[in-house]
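Notes follow once the structure below has been shown.
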Amino acid sequence: MNAMPHVFDGAVHLPNNASNLPTACSLCSHNCGLRVDVEDNKIVAVRADDAHPSTKGYSCNKAYAIANYVNHAQRVQYPLKKRPDGTFERISWETAISEIATKLNHIRQNHAPRAIAFAGLGGQGNHSAGFGAIPLMYGIGTPMVFTALAQEKTQHWLNDRRMIRGTHDIYLVPDKHNAKFMLLIGTNPHISNQGSNPKEALKDIFRDEQRRMVAVDPRITETTRLADRHLRIKPAKDLYFLLALAGILVQENLVDSHFINTKTEGYEKLATIFERINIAEMAERCGLSEEDIRATAREFGQTKPATIAFDLGIEHSSFNTLTSYMVRVLLIMTGNYGRKGGNFFVQLFGPKMPYFKEMTKALESSIEGIPAVLPIPQFPPAIIPEEILSSHPDRIRALICDGTNPLASYPDTGRFREAFAKLDLLVVIDPAMSETAQVADYVLPAPAGYEKWEFSIFPKDIIAPQVRPPVVNPLGEALPEVEIYYRLARAMGIVGAAPKALHKLAKSARTTWGAPAYLAAVNSYALASSKLESVGSVIARSAYLTYETLGATLPNPMLTYIWLSALGYATTRRDQIERALPETKKIRNPFALTEFIFKKLLDHPEGVLLGHYEMEKNFEANCGNKNGKVKMYFDDFAQDISRLLLKDSEPHDPQYPFILNGGLRTGFTANTIMRDPSWRKGRAIHASLYMSEADAAALEAKEGELMRITSKRASITAPLKIDKNTLAGHLHLPNILGQNYPDPVTGELKPTGVSINELVDAMDRDPYTACPHTKRIRCKVERVAGIVA
């Protein structure tokens, strides 16, 4: 056992053989409930779990491949340090923690706290890392946090902050199950599995003659085939379509006047812009018929309730903050905002959180960090390279990558390689020897999501968290991320050892009489030892002291934070609990209710229903504005929209005539934690370039022929797939993001996909959030002479 201070040694001591163990899929945010069988410490069978309170026996085919995520040839089992020659040597945890802490403290002592940055913080449904990482960030005092969420969806939180003073723990979703009319734009939920049991939800609408569905998508997809109307819009023209809808609603008086008059402010100014919209011109820009757009607008305005479903197709495309804003505007105009059957706000399991007032800006771009899900502002990964390469003395000098692989999954790979070479310290915490790990100074092994206690809390249509124990034993010396961060905090001097009195109080912390005394003591000690430092340092000390003391009394110390989440939920969300569990009305003591919730979570590793949202007045329950109204007009948005209405700012570029969708969803694409490609079934080449029949004919290209795709940033190659469902001028590459995996015979690293992010320009991004335009990559295509894949 290491001499360094620690709480948990990483061992879980599970039997090597077991059956019907509850867990969840960690390959997307849906986190479908699963049951698995284990033989010889390996997952050998996977089934959808009928007992899961949200997914109820649903899962897509990807879930059955989770064993490939756990067992593969690139698992990291021991701490590694890079030698001067670029190879790695195995080191002890004590050496790794000590050396990393020394280097981080050196940077803290000589530069601003923001010179230390964090990226990642866990994969889908594997988010316990945040419980340890966020306190360390607070303890260091750095605001530089980069997440995948900020690469995709922070425009929604930005708009909710502006419009309703929304907090970071809420998120607007479509109510597919209760809508009478559904507009889908930039999404293919039949494949991407967006929402609760999406395939059934879509089929229900398809079968019901009283319900309508319109899909807006350049490509013919599994979802568009179920739609009553498919609008094959030109790629990246979604904003103009939404503006056309708004114009028709105003010009034909299809708005919900009562909702507008009682729930909004600033609508009149916005309406004057919409009144002047030339619908025919917008239709021409979109490549759609004016008649179809008008029919869609009338159905949306006259059918109650109506919902809008959206996803990465618009979130990674042009004007994605304005597009997110217009989705909300349309819902508000028709009275479907924060309403059952329209779009409603869901939230995380945990306490009702305060509104973040002060925001930090990036040094180079002045992009603001936006709080989203996590209780800390987050920056988009697209700006990491410029924040490292900056000449500013406070530039990023150390980066900790936790559960992320920037050299595969972040935009503009070449720019990241250049930036990483300038770092003083790059630390990767990951179960796998990823492309980013291979260039790191230190690689620290974490267990896979099925080898440790984890939880799934992505917002769904009900509040049904799943706290799940490990199903297989971890490999080698892997440590849960929370433990790694605790050890770093101790070694850096951010927190000291907990006093014996606190350990003693922790033993009764789960009682109604012991909890208040324990929590008061934790806070008192954290304050006393902070030496009048920042609030962040107090938060950090409190978090780690609780982990050390209460954690020692629980089945696993990570559960400390689940208990704290249950405490916050019980004390601030009682109404939701009582709607779902009426028996809790008799439990008046908040600490008794906390224990009731915490015990339910531990007793139900398959997931458990803990709350229902307020649906009839969902908007009112989530609006943070003092007057209870949604703010609709913003000068900068209005100016941008007015400018774009006058002239399309993204005309056709003859030098780069194609628009590439960088990340087509298929049945065999997943995030970058899936490294072993053997999970993909069938003989087809999965990482092919999808091109229309007309474009292939114009290039005289044949199926399977190798094609060179060139953007302003780089060139890559991929075999051609001639696709009758693809629009002329539009291209697609599945999001198989170019990981390198050992050949099963030779052991040589070989690419398993196509490195789409090589093509992405990190500067081609949204001006408000810096979300990259990965779904709108301008490129040219040519045949690679004489080569057939």
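Chain labels run A, B, ... following the order of the structure tokens; each chain numbers its residues from 1, and ligands are numbered from 1 in the order shown.
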Report task. From a DSSP calculation on the backbone, collect every residue of region 84-250 of chain A in strand (DSSP E or B) and output the set as a VMD selection string. Result -> chain A and resid 88 to 90 116 to 120 123 126 145 to 146 170 to 174 181 to 185 212 to 216 229 to 231
So that I can check the surroundings of Ala448 (chain A), please list as a PDB file with C-alpha atoms, in the first residue's frame every protein, DNA and RNA residue that reaches within 8 Å of it, counting only C-alpha atoms and ignoring chain neighbours fewer than 6 positions away.
ATOM      1  CA  TYR A  69     -15.182  -0.654 -24.373  1.00  0.00           C
ATOM      2  CA  VAL A  70     -13.991  -2.509 -21.270  1.00  0.00           C
ATOM      3  CA  PRO A 431      -8.718   3.883 -19.085  1.00  0.00           C
ATOM      4  CA  PRO A 474     -10.691  -3.057 -12.479  1.00  0.00           C
TER       5      PRO A 474
END
Query raised in the report: Which of these, A:Pro375, A:Gly86, A:Pro582, A:Pro381, has the shortest distance to Met763 (chain A) once you count only C-alpha atoms?
Result: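 Checking each candidate against Met763 (chain A), we get A:Pro381 as the closest.
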Please identify the alpha helix (DSSP H) residues within region 683-712 of chain A (assignment by DSSP from backbone atoms) and present them as an mmCIF file with N, CA, C and O atoms, in the first residue's frame.
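Once everything was written out, this is result_5.cif:
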data_model
loop_
_atom_site.group_PDB
_atom_site.id
_atom_site.type_symbol
_atom_site.label_atom_id
_atom_site.label_comp_id
_atom_site.auth_asym_id
_atom_site.auth_seq_id
_atom_site.Cartn_x
_atom_site.Cartn_y
_atom_site.Cartn_z
ATOM 1 N N GLU A 693 -25.601 10.413 -55.976
ATOM 2 C CA GLU A 693 -25.368 9.774 -57.268
ATOM 3 C C GLU A 693 -24.942 10.803 -58.310
ATOM 4 O O GLU A 693 -24.046 10.553 -59.122
ATOM 5 N N ALA A 694 -25.566 11.996 -58.261
ATOM 6 C CA ALA A 694 -25.249 13.028 -59.251
ATOM 7 C C ALA A 694 -23.817 13.521 -59.105
ATOM 8 O O ALA A 694 -23.098 13.698 -60.102
ATOM 9 N N ASP A 695 -23.381 13.752 -57.884
ATOM 10 C CA ASP A 695 -22.015 14.233 -57.657
ATOM 11 C C ASP A 695 -20.987 13.171 -58.012
ATOM 12 O O ASP A 695 -19.918 13.479 -58.562
ATOM 13 N N ALA A 696 -21.281 11.920 -57.699
ATOM 14 C CA ALA A 696 -20.353 10.838 -58.047
ATOM 15 C C ALA A 696 -20.219 10.720 -59.566
ATOM 16 O O ALA A 696 -19.114 10.534 -60.095
ATOM 17 N N ALA A 697 -21.342 10.869 -60.257
ATOM 18 C CA ALA A 697 -21.306 10.794 -61.715
ATOM 19 C C ALA A 697 -20.497 11.945 -62.302
ATOM 20 O O ALA A 697 -19.731 11.767 -63.254
ATOM 21 N N ALA A 698 -20.669 13.134 -61.737
ATOM 22 C CA ALA A 698 -19.932 14.299 -62.238
ATOM 23 C C ALA A 698 -18.428 14.125 -62.057
ATOM 24 O O ALA A 698 -17.637 14.617 -62.871
ATOM 25 N N LEU A 699 -18.021 13.429 -61.006
ATOM 26 C CA LEU A 699 -16.606 13.180 -60.749
ATOM 27 C C LEU A 699 -16.116 11.902 -61.420
ATOM 28 O O LEU A 699 -14.923 11.569 -61.328
#
Report task. Do a neighbour search on Lys352 (chain A) at 12 Å with only C-alpha atoms, toss out local chain neighbours closer than 4 positions, and write the hits as a ChimeraX atom specification. Result -> /A:166-170,346-348,373,375,565-576,621-622,624
Requested in this report: Please identify all polymer residues within 10 Å of Thr55 (chain A), counting only C-alpha atoms, omitting same-chain residues fewer than 6 positions from it, and present them as a ChimeraX atom specification.
Outcome: /A:30-34,48-49,195-198,460,607
**Report entry** Contacts of Ile260 (chain A) within 12 Å, only C-alpha atoms, excl. fewer than 4 positions in-chain, as a list in words
**Finding:** Leu254, Val255, Asp256, Thr264, Glu265, Gly266, Tyr267, Glu268, Leu270, Ala271, Val329, Leu330, Leu331, Ile332, Met333, Thr334, Gly335, Asn336, Tyr337, Lys629, Val630, Lys631 and Met632 of chain A
Report task. Just the residues within 8 Å of Asp311 (chain A), please, counting only C-alpha atoms, with nothing from its chain fewer than 3 positions along; format it as number ranges by chain. Result -> A: 185-187, 314-315
Requested in this report: Find the spatial neighbours of region 488-491 of chain A, counting only C-alpha atoms, within a cut-off of 6 Å - ignore same-chain residues fewer than 4 positions away - and output them as a VMD selection string.
Outcome: chain A and resid 97 101 495
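When only C-alpha atoms are used to measure the gap to Arg395 (chain A), the shortest distance among A:Thr546, A:Ser318, A:Thr142, A:Asn188 belongs to A:Thr142.
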Mind running region 133-190 of chain A against region 361-368 of chain A at 12 Å and telling me each contacting residue's nearest atom pair with the distance in Å (one decimal), counting only C-alpha atoms, chain and number ascending, as CSV?
residue,atom,partner,partner_atom,distance
A:Thr142,CA,A:Ala362,CA,12.0
A:Pro143,CA,A:Lys361,CA,9.0
A:Met144,CA,A:Ala362,CA,8.3
A:Val145,CA,A:Ala362,CA,10.7
A:Phe146,CA,A:Ala362,CA,11.3
A:Ala150,CA,A:Glu368,CA,10.8
A:Thr154,CA,A:Glu368,CA,10.5
A:Gln155,CA,A:Glu368,CA,11.1
A:Trp157,CA,A:Glu368,CA,11.9
A:Leu158,CA,A:Glu368,CA,9.6
Could you write those residues out with all heavy atoms, as an mmCIF file, in the first residue's frame?
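Saved result, result17.cif, follows:
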data_model
loop_
_atom_site.group_PDB
_atom_site.id
_atom_site.type_symbol
_atom_site.label_atom_id
_atom_site.label_comp_id
_atom_site.auth_asym_id
_atom_site.auth_seq_id
_atom_site.Cartn_x
_atom_site.Cartn_y
_atom_site.Cartn_z
ATOM 1 N N THR A 142 -8.791 28.059 -10.757
ATOM 2 C CA THR A 142 -8.816 28.240 -12.201
ATOM 3 C C THR A 142 -10.238 28.215 -12.747
ATOM 4 O O THR A 142 -11.053 27.381 -12.345
ATOM 5 C CB THR A 142 -7.996 27.156 -12.919
ATOM 6 O OG1 THR A 142 -8.090 27.361 -14.337
ATOM 7 C CG2 THR A 142 -8.502 25.755 -12.590
ATOM 8 N N PRO A 143 -10.548 29.104 -13.687
ATOM 9 C CA PRO A 143 -11.847 29.048 -14.351
ATOM 10 C C PRO A 143 -11.797 28.298 -15.681
ATOM 11 O O PRO A 143 -12.806 28.196 -16.366
ATOM 12 C CB PRO A 143 -12.134 30.537 -14.607
ATOM 13 C CG PRO A 143 -10.785 31.106 -14.890
ATOM 14 C CD PRO A 143 -9.802 30.319 -14.041
ATOM 15 N N MET A 144 -10.632 27.767 -16.035
ATOM 16 C CA MET A 144 -10.438 27.222 -17.378
ATOM 17 C C MET A 144 -10.836 25.748 -17.434
ATOM 18 O O MET A 144 -10.033 24.844 -17.216
ATOM 19 C CB MET A 144 -8.993 27.419 -17.838
ATOM 20 C CG MET A 144 -8.517 28.874 -17.786
ATOM 21 S SD MET A 144 -9.687 30.035 -18.577
ATOM 22 C CE MET A 144 -9.528 29.546 -20.284
ATOM 23 N N VAL A 145 -12.101 25.533 -17.725
ATOM 24 C CA VAL A 145 -12.692 24.197 -17.789
ATOM 25 C C VAL A 145 -13.291 24.010 -19.176
ATOM 26 O O VAL A 145 -14.087 24.841 -19.634
ATOM 27 C CB VAL A 145 -13.779 24.012 -16.720
ATOM 28 C CG1 VAL A 145 -14.352 22.600 -16.783
ATOM 29 C CG2 VAL A 145 -13.223 24.311 -15.341
ATOM 30 N N PHE A 146 -12.911 22.939 -19.844
ATOM 31 C CA PHE A 146 -13.365 22.672 -21.200
ATOM 32 C C PHE A 146 -14.073 21.316 -21.235
ATOM 33 O O PHE A 146 -13.521 20.325 -20.764
ATOM 34 C CB PHE A 146 -12.177 22.662 -22.167
ATOM 35 C CG PHE A 146 -11.405 23.952 -22.201
ATOM 36 C CD1 PHE A 146 -10.371 24.172 -21.306
ATOM 37 C CD2 PHE A 146 -11.719 24.940 -23.117
ATOM 38 C CE1 PHE A 146 -9.651 25.362 -21.319
ATOM 39 C CE2 PHE A 146 -11.008 26.131 -23.135
ATOM 40 C CZ PHE A 146 -9.984 26.345 -22.240
ATOM 41 N N ALA A 150 -19.679 21.856 -23.874
ATOM 42 C CA ALA A 150 -19.424 23.212 -24.358
ATOM 43 C C ALA A 150 -18.992 23.220 -25.813
ATOM 44 O O ALA A 150 -18.915 24.286 -26.433
ATOM 45 C CB ALA A 150 -18.355 23.882 -23.489
ATOM 46 N N THR A 154 -23.794 24.606 -25.427
ATOM 47 C CA THR A 154 -23.890 25.705 -24.467
ATOM 48 C C THR A 154 -24.666 26.895 -25.009
ATOM 49 O O THR A 154 -25.051 27.783 -24.252
ATOM 50 C CB THR A 154 -22.497 26.174 -24.012
ATOM 51 O OG1 THR A 154 -21.624 26.235 -25.144
ATOM 52 C CG2 THR A 154 -21.918 25.243 -22.977
ATOM 53 N N GLN A 155 -24.929 26.919 -26.329
ATOM 54 C CA GLN A 155 -25.778 27.986 -26.848
ATOM 55 C C GLN A 155 -27.165 27.960 -26.205
ATOM 56 O O GLN A 155 -27.791 29.012 -26.017
ATOM 57 C CB GLN A 155 -25.891 27.900 -28.375
ATOM 58 C CG GLN A 155 -26.588 26.661 -28.938
ATOM 59 C CD GLN A 155 -25.659 25.503 -29.140
ATOM 60 O OE1 GLN A 155 -25.178 24.961 -28.168
ATOM 61 N NE2 GLN A 155 -25.380 25.126 -30.374
ATOM 62 N N TRP A 157 -27.868 26.997 -23.053
ATOM 63 C CA TRP A 157 -27.767 27.587 -21.714
ATOM 64 C C TRP A 157 -27.552 29.102 -21.798
ATOM 65 O O TRP A 157 -28.058 29.843 -20.970
ATOM 66 C CB TRP A 157 -26.661 26.915 -20.918
ATOM 67 C CG TRP A 157 -27.102 25.647 -20.274
ATOM 68 C CD1 TRP A 157 -27.728 25.514 -19.066
ATOM 69 C CD2 TRP A 157 -26.963 24.311 -20.791
ATOM 70 N NE1 TRP A 157 -27.982 24.182 -18.794
ATOM 71 C CE2 TRP A 157 -27.519 23.431 -19.833
ATOM 72 C CE3 TRP A 157 -26.413 23.787 -21.954
ATOM 73 C CZ2 TRP A 157 -27.547 22.052 -20.020
ATOM 74 C CZ3 TRP A 157 -26.441 22.408 -22.144
ATOM 75 C CH2 TRP A 157 -27.006 21.565 -21.180
ATOM 76 N N LEU A 158 -26.804 29.540 -22.799
ATOM 77 C CA LEU A 158 -26.620 30.980 -22.985
ATOM 78 C C LEU A 158 -27.962 31.657 -23.226
ATOM 79 O O LEU A 158 -28.275 32.696 -22.616
ATOM 80 C CB LEU A 158 -25.682 31.234 -24.174
ATOM 81 C CG LEU A 158 -25.540 32.694 -24.613
ATOM 82 C CD1 LEU A 158 -24.915 33.530 -23.509
ATOM 83 C CD2 LEU A 158 -24.733 32.800 -25.900
#
Requested in this report: Select, from A:Arg207, A:Arg35, A:Arg162, A:Lys600, the residue with the minimum atom-to-atom distance to Val471 (chain A), counting only C-alpha atoms.
Outcome: A:Arg35
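For the pair CA of Asp204 (chain A) and CA of Arg225 (chain A), the separation is 13.9 Å.
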Query raised in the report: CA of Pro411 (chain A) and CA of Asp761 (chain A), how far apart in Å?
Result: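 Going from CA of Asp761 (chain A) over to CA of Pro411 (chain A), I get 6.8 Å.
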